[in-house]
Amino acid sequence: MTDREIKQYISSGADFYVSLFGEAVHMQKVDTEFYSYVKPKEGEHGISFIYRVHIEDLPTEQKKMVIDEMKAMQMPIWLDLLISAETASLFSGKEGKHDQTEYDEDGESYLALLLEEKREYQEGNDEIIQVRTAEEFAVWARIANDVLAGGKPDMHPVYHYHLCEEGLMKCYILYHGNTPVSIAATMNDHGAVSLEFVATIPEMRRRGFAKAVCEKAVTDAFSDGAFIVTVRAVDAAARRIYQSMGFKVYR
């Protein structure tokens, strides 16, 4: 598989991840001609995000108009890793260093692990469960929202549970003793899997729990037929965890 193909899987994994937020009764998902977005219905709470942006073939002036339209919505925007230098510059408003090898060591990075690169999984001493019940999902969602969303209900503890029931998302919880301390999830888009929602409660960090729950999630994904697992690391510490599992950075 070429680097370009892998980067496309990383981007499509992010799009698939965002789209699943909209698969709940309290959310709305809208597809326009040049982009899609999710947001909560009026009076509800949840994530707002623009994704699946496809404007590369537009004339420059029309491209600028669509970009201005998206920015006016005041939502985070996910851009394909393979966008052109022109499009990247139009978004940033300045000439950038798009598609060069230098990158911020402490910033977000993008990684992937192919089936032939996966490592042998060694089960640890702590119990790791796959979420099977509504009660378990509520525990998982609480940690996800507390750690990753500052307590905001990005993942609804009830309305998003059907994603697990339907197999669109597999959620995992690591228990240290009787305490749920670390979580992860995988989202499977026809064999292209993205690793998401990796989080550990603050008082239990730097003890290997995040790596352990990720290894379980990734091993299960490949056992279920995945040919690639992608992930977006928010910082250098997260990137090092994934690299220790065999993931490679694609810049």
# chains A, B, ... in the order shown; residues from 1 in each chain; ligands from 1
>>> select_by_dssp(residues="region 3-220 of chain A", states="strand (DSSP E)", output="PyMOL selection string")
chain A and resi 27-31+36-40+49-51+109-114+127-130+169-176+179-189+192-200
>>> closest_atom_pairs(of="region 67-124 of chain A", to="region 187-211 of chain A", cutoff="12 Å", atoms="only C-alpha atoms", output="Markdown table")
| residue | atom | partner | partner_atom | distance |
| --- | --- | --- | --- | --- |
| A:Tyr110 | CA | A:Ser194 | CA | 11.1 |
| A:Leu111 | CA | A:Ser194 | CA | 10.0 |
| A:Ala112 | CA | A:Ser194 | CA | 8.8 |
| A:Leu113 | CA | A:Val193 | CA | 9.9 |
| A:Leu114 | CA | A:Ala192 | CA | 9.8 |
| A:Leu115 | CA | A:Gly191 | CA | 10.5 |
| A:Tyr121 | CA | A:Lys211 | CA | 11.0 |
| A:Gln122 | CA | A:Lys211 | CA | 11.3 |
| A:Glu123 | CA | A:Lys211 | CA | 11.4 |
| A:Gly124 | CA | A:Phe209 | CA | 9.6 |
>>> residues_around(residues="Ala138 (chain A)", least_positions_apart="3", cutoff="6 Å", atoms="only C-alpha atoms", output="number ranges by chain")
A: 135, 141, 157
>>> residues_around(residues="Arg52 (chain A)", least_positions_apart="6", cutoff="6 Å", atoms="only C-alpha atoms", output="list in words")
Asp15, Tyr35 and Ser36 of chain A
>>> write_last_selection(atoms="N, CA, C and O atoms", output="PDB file, in the first residue's frame")
ATOM      1  N   ASP A  15     -13.258  11.118   8.810  1.00  0.00           N
ATOM      2  CA  ASP A  15     -14.595  11.457   8.318  1.00  0.00           C
ATOM      3  C   ASP A  15     -15.643  10.495   8.867  1.00  0.00           C
ATOM      4  O   ASP A  15     -16.737  10.905   9.282  1.00  0.00           O
ATOM      5  N   TYR A  35     -19.528  19.801   1.353  1.00  0.00           N
ATOM      6  CA  TYR A  35     -19.085  19.359   2.673  1.00  0.00           C
ATOM      7  C   TYR A  35     -20.280  18.816   3.448  1.00  0.00           C
ATOM      8  O   TYR A  35     -21.441  19.011   3.055  1.00  0.00           O
ATOM      9  N   SER A  36     -19.977  18.132   4.541  1.00  0.00           N
ATOM     10  CA  SER A  36     -21.015  17.642   5.449  1.00  0.00           C
ATOM     11  C   SER A  36     -20.741  18.216   6.835  1.00  0.00           C
ATOM     12  O   SER A  36     -19.619  18.645   7.136  1.00  0.00           O
TER      13      SER A  36
END
>>> residues_around(residues="region 162-169 of chain A", least_positions_apart="5", cutoff="9 Å", atoms="only C-alpha atoms", output="ChimeraX atom specification")
/A:20,23-24,131-134,137,185-189
>>> atom_distance(atom1="CA of Val25 (chain A)", atom2="CA of Met70 (chain A)")
24.2 Å
>>> atom_distance(atom1="CA of Asp235 (chain A)", atom2="CA of Gly107 (chain A)")
5.0 Å
>>> closest_residue(among="A:Asp126, A:Glu44, A:Glu120, A:Asp68", to="Asp220 (chain A)", atoms="only C-alpha atoms")
A:Glu120
>>> residues_around(residues="Lys248 (chain A)", least_positions_apart="5", cutoff="12 Å", atoms="only C-alpha atoms", output="JSON, numbers by chain")
{"A": [3, 6, 7, 10, 109, 110, 111, 112, 113, 114, 117, 118, 228, 229, 230, 231, 232, 233, 239, 240, 241, 242, 243]}
>>> atom_distance(atom1="CA of Gly22 (chain A)", atom2="CA of Lys39 (chain A)")
7.0 Å
>>> closest_residue(among="A:Pro153, A:Gly13, A:Gly177, A:Gly43", to="Leu79 (chain A)", atoms="only C-alpha atoms")
A:Gly13
>>> residues_around(residues="Arg4 (chain A)", least_positions_apart="2", cutoff="12 Å", atoms="only C-alpha atoms", output="JSON, numbers by chain")
{"A": [1, 2, 6, 7, 8, 9, 10, 11, 80, 81, 82, 83, 99, 112, 250, 251]}
>>> write_last_selection(atoms="all heavy atoms", output="compact mmCIF listing (two decimals), in the first residue's frame")
# COMPACT_ATOMS: atom_id res chain seq x y z
N MET A 1 0.84 -1.19 0.00
CA MET A 1 0.00 0.00 0.00
C MET A 1 0.88 1.25 0.00
O MET A 1 1.83 1.33 0.76
CB MET A 1 -0.92 -0.01 1.23
CG MET A 1 -2.03 1.03 1.17
SD MET A 1 -3.11 1.01 2.64
CE MET A 1 -3.75 -0.66 2.58
N THR A 2 0.58 2.21 -0.85
CA THR A 2 1.40 3.41 -0.95
C THR A 2 1.11 4.37 0.19
O THR A 2 0.05 4.29 0.85
CB THR A 2 1.13 4.14 -2.28
OG1 THR A 2 -0.22 4.64 -2.27
CG2 THR A 2 1.31 3.20 -3.47
N ILE A 6 -2.45 5.24 2.20
CA ILE A 6 -2.56 5.20 3.66
C ILE A 6 -3.07 6.53 4.21
O ILE A 6 -3.94 6.57 5.09
CB ILE A 6 -1.20 4.82 4.28
CG1 ILE A 6 -0.87 3.36 3.96
CG2 ILE A 6 -1.21 5.04 5.80
CD1 ILE A 6 0.52 2.94 4.33
N LYS A 7 -2.56 7.63 3.67
CA LYS A 7 -3.05 8.94 4.11
C LYS A 7 -4.53 9.11 3.81
O LYS A 7 -5.27 9.73 4.59
CB LYS A 7 -2.24 10.06 3.44
CG LYS A 7 -0.82 10.17 3.94
CD LYS A 7 -0.06 11.25 3.17
CE LYS A 7 1.40 11.32 3.59
NZ LYS A 7 2.15 12.34 2.81
N GLN A 8 -4.97 8.54 2.68
CA GLN A 8 -6.40 8.63 2.36
C GLN A 8 -7.23 7.84 3.35
O GLN A 8 -8.32 8.27 3.75
CB GLN A 8 -6.65 8.13 0.94
CG GLN A 8 -8.07 8.39 0.45
CD GLN A 8 -8.43 9.86 0.51
OE1 GLN A 8 -7.84 10.69 -0.19
NE2 GLN A 8 -9.38 10.22 1.37
N TYR A 9 -6.73 6.69 3.79
CA TYR A 9 -7.44 5.91 4.82
C TYR A 9 -7.48 6.66 6.15
O TYR A 9 -8.48 6.60 6.88
CB TYR A 9 -6.82 4.54 4.99
CG TYR A 9 -7.23 3.54 3.94
CD1 TYR A 9 -6.30 2.95 3.11
CD2 TYR A 9 -8.57 3.19 3.78
CE1 TYR A 9 -6.68 2.03 2.14
CE2 TYR A 9 -8.97 2.29 2.82
CZ TYR A 9 -8.02 1.70 1.99
OH TYR A 9 -8.40 0.80 1.03
N ILE A 10 -6.39 7.36 6.50
CA ILE A 10 -6.39 8.16 7.72
C ILE A 10 -7.47 9.24 7.65
O ILE A 10 -8.24 9.45 8.60
CB ILE A 10 -5.01 8.80 7.96
CG1 ILE A 10 -3.95 7.71 8.24
CG2 ILE A 10 -5.06 9.80 9.11
CD1 ILE A 10 -2.53 8.22 8.27
N SER A 11 -7.56 9.90 6.50
CA SER A 11 -8.55 10.96 6.32
C SER A 11 -9.97 10.41 6.32
O SER A 11 -10.87 10.96 6.97
CB SER A 11 -8.28 11.71 5.02
OG SER A 11 -7.09 12.47 5.11
N ASP A 80 -8.93 16.82 4.50
CA ASP A 80 -8.21 15.68 3.97
C ASP A 80 -6.71 15.94 4.04
O ASP A 80 -6.24 17.04 3.74
CB ASP A 80 -8.65 15.46 2.51
CG ASP A 80 -8.23 14.12 1.97
OD1 ASP A 80 -7.01 13.83 2.02
OD2 ASP A 80 -9.10 13.37 1.49
N LEU A 81 -5.94 14.93 4.42
CA LEU A 81 -4.48 15.10 4.48
C LEU A 81 -3.87 15.33 3.11
O LEU A 81 -2.73 15.78 3.01
CB LEU A 81 -3.84 13.86 5.12
CG LEU A 81 -4.20 13.56 6.57
CD1 LEU A 81 -3.38 12.38 7.07
CD2 LEU A 81 -3.97 14.77 7.45
N LEU A 82 -4.61 15.02 2.05
CA LEU A 82 -4.08 15.14 0.70
C LEU A 82 -4.57 16.40 -0.01
O LEU A 82 -4.47 16.50 -1.23
CB LEU A 82 -4.46 13.91 -0.13
CG LEU A 82 -3.89 12.59 0.40
CD1 LEU A 82 -4.44 11.42 -0.40
CD2 LEU A 82 -2.37 12.59 0.34
N ILE A 83 -5.07 17.38 0.73
CA ILE A 83 -5.49 18.62 0.08
C ILE A 83 -4.29 19.30 -0.56
O ILE A 83 -3.15 19.14 -0.13
CB ILE A 83 -6.17 19.59 1.06
CG1 ILE A 83 -5.21 20.03 2.17
CG2 ILE A 83 -7.44 19.00 1.62
CD1 ILE A 83 -5.76 21.14 3.03
N ASP A 99 2.68 19.77 3.12
CA ASP A 99 3.27 18.59 2.49
C ASP A 99 4.79 18.58 2.56
O ASP A 99 5.45 17.95 1.74
CB ASP A 99 2.81 18.46 1.03
CG ASP A 99 2.85 17.02 0.56
OD1 ASP A 99 2.70 16.12 1.41
OD2 ASP A 99 3.03 16.79 -0.64
N ALA A 112 -0.65 5.06 11.17
CA ALA A 112 -1.36 3.89 10.67
C ALA A 112 -0.56 2.64 10.95
O ALA A 112 0.68 2.67 11.04
CB ALA A 112 -1.63 4.03 9.17
N TYR A 250 2.60 9.30 9.38
CA TYR A 250 2.49 9.77 7.99
C TYR A 250 2.26 11.26 8.05
O TYR A 250 1.24 11.72 8.57
CB TYR A 250 1.36 9.04 7.27
CG TYR A 250 1.69 7.56 7.09
CD1 TYR A 250 1.41 6.64 8.10
CD2 TYR A 250 2.33 7.12 5.94
CE1 TYR A 250 1.75 5.31 7.96
CE2 TYR A 250 2.67 5.79 5.78
CZ TYR A 250 2.40 4.89 6.80
OH TYR A 250 2.74 3.57 6.66
N ARG A 251 3.20 12.03 7.50
CA ARG A 251 3.23 13.48 7.74
C ARG A 251 2.58 14.22 6.60
O ARG A 251 2.76 13.84 5.45
CB ARG A 251 4.68 13.94 7.94
CG ARG A 251 5.30 13.23 9.13
CD ARG A 251 6.77 13.55 9.27
NE ARG A 251 7.34 12.82 10.41
CZ ARG A 251 8.62 12.78 10.69
NH1 ARG A 251 9.48 13.41 9.93
NH2 ARG A 251 9.04 12.11 11.73
>>> closest_residue(among="A:Val30, A:Val53, A:Leu174, A:Val249", to="Ile77 (chain A)", atoms="only C-alpha atoms")
A:Val53
>>> closest_residue(among="A:Ala88, A:Ile55, A:Cys171, A:Ile50", to="Val139 (chain A)", atoms="only C-alpha atoms")
A:Cys171
>>> select_by_dssp(residues="region 58-154 of chain A", states="helix (DSSP H, G or I)", output="count of residues only")
39
>>> closest_residue(among="A:Asp224, A:Trp140, A:Thr60, A:Tyr37", to="Met75 (chain A)", atoms="only C-alpha atoms")
A:Tyr37
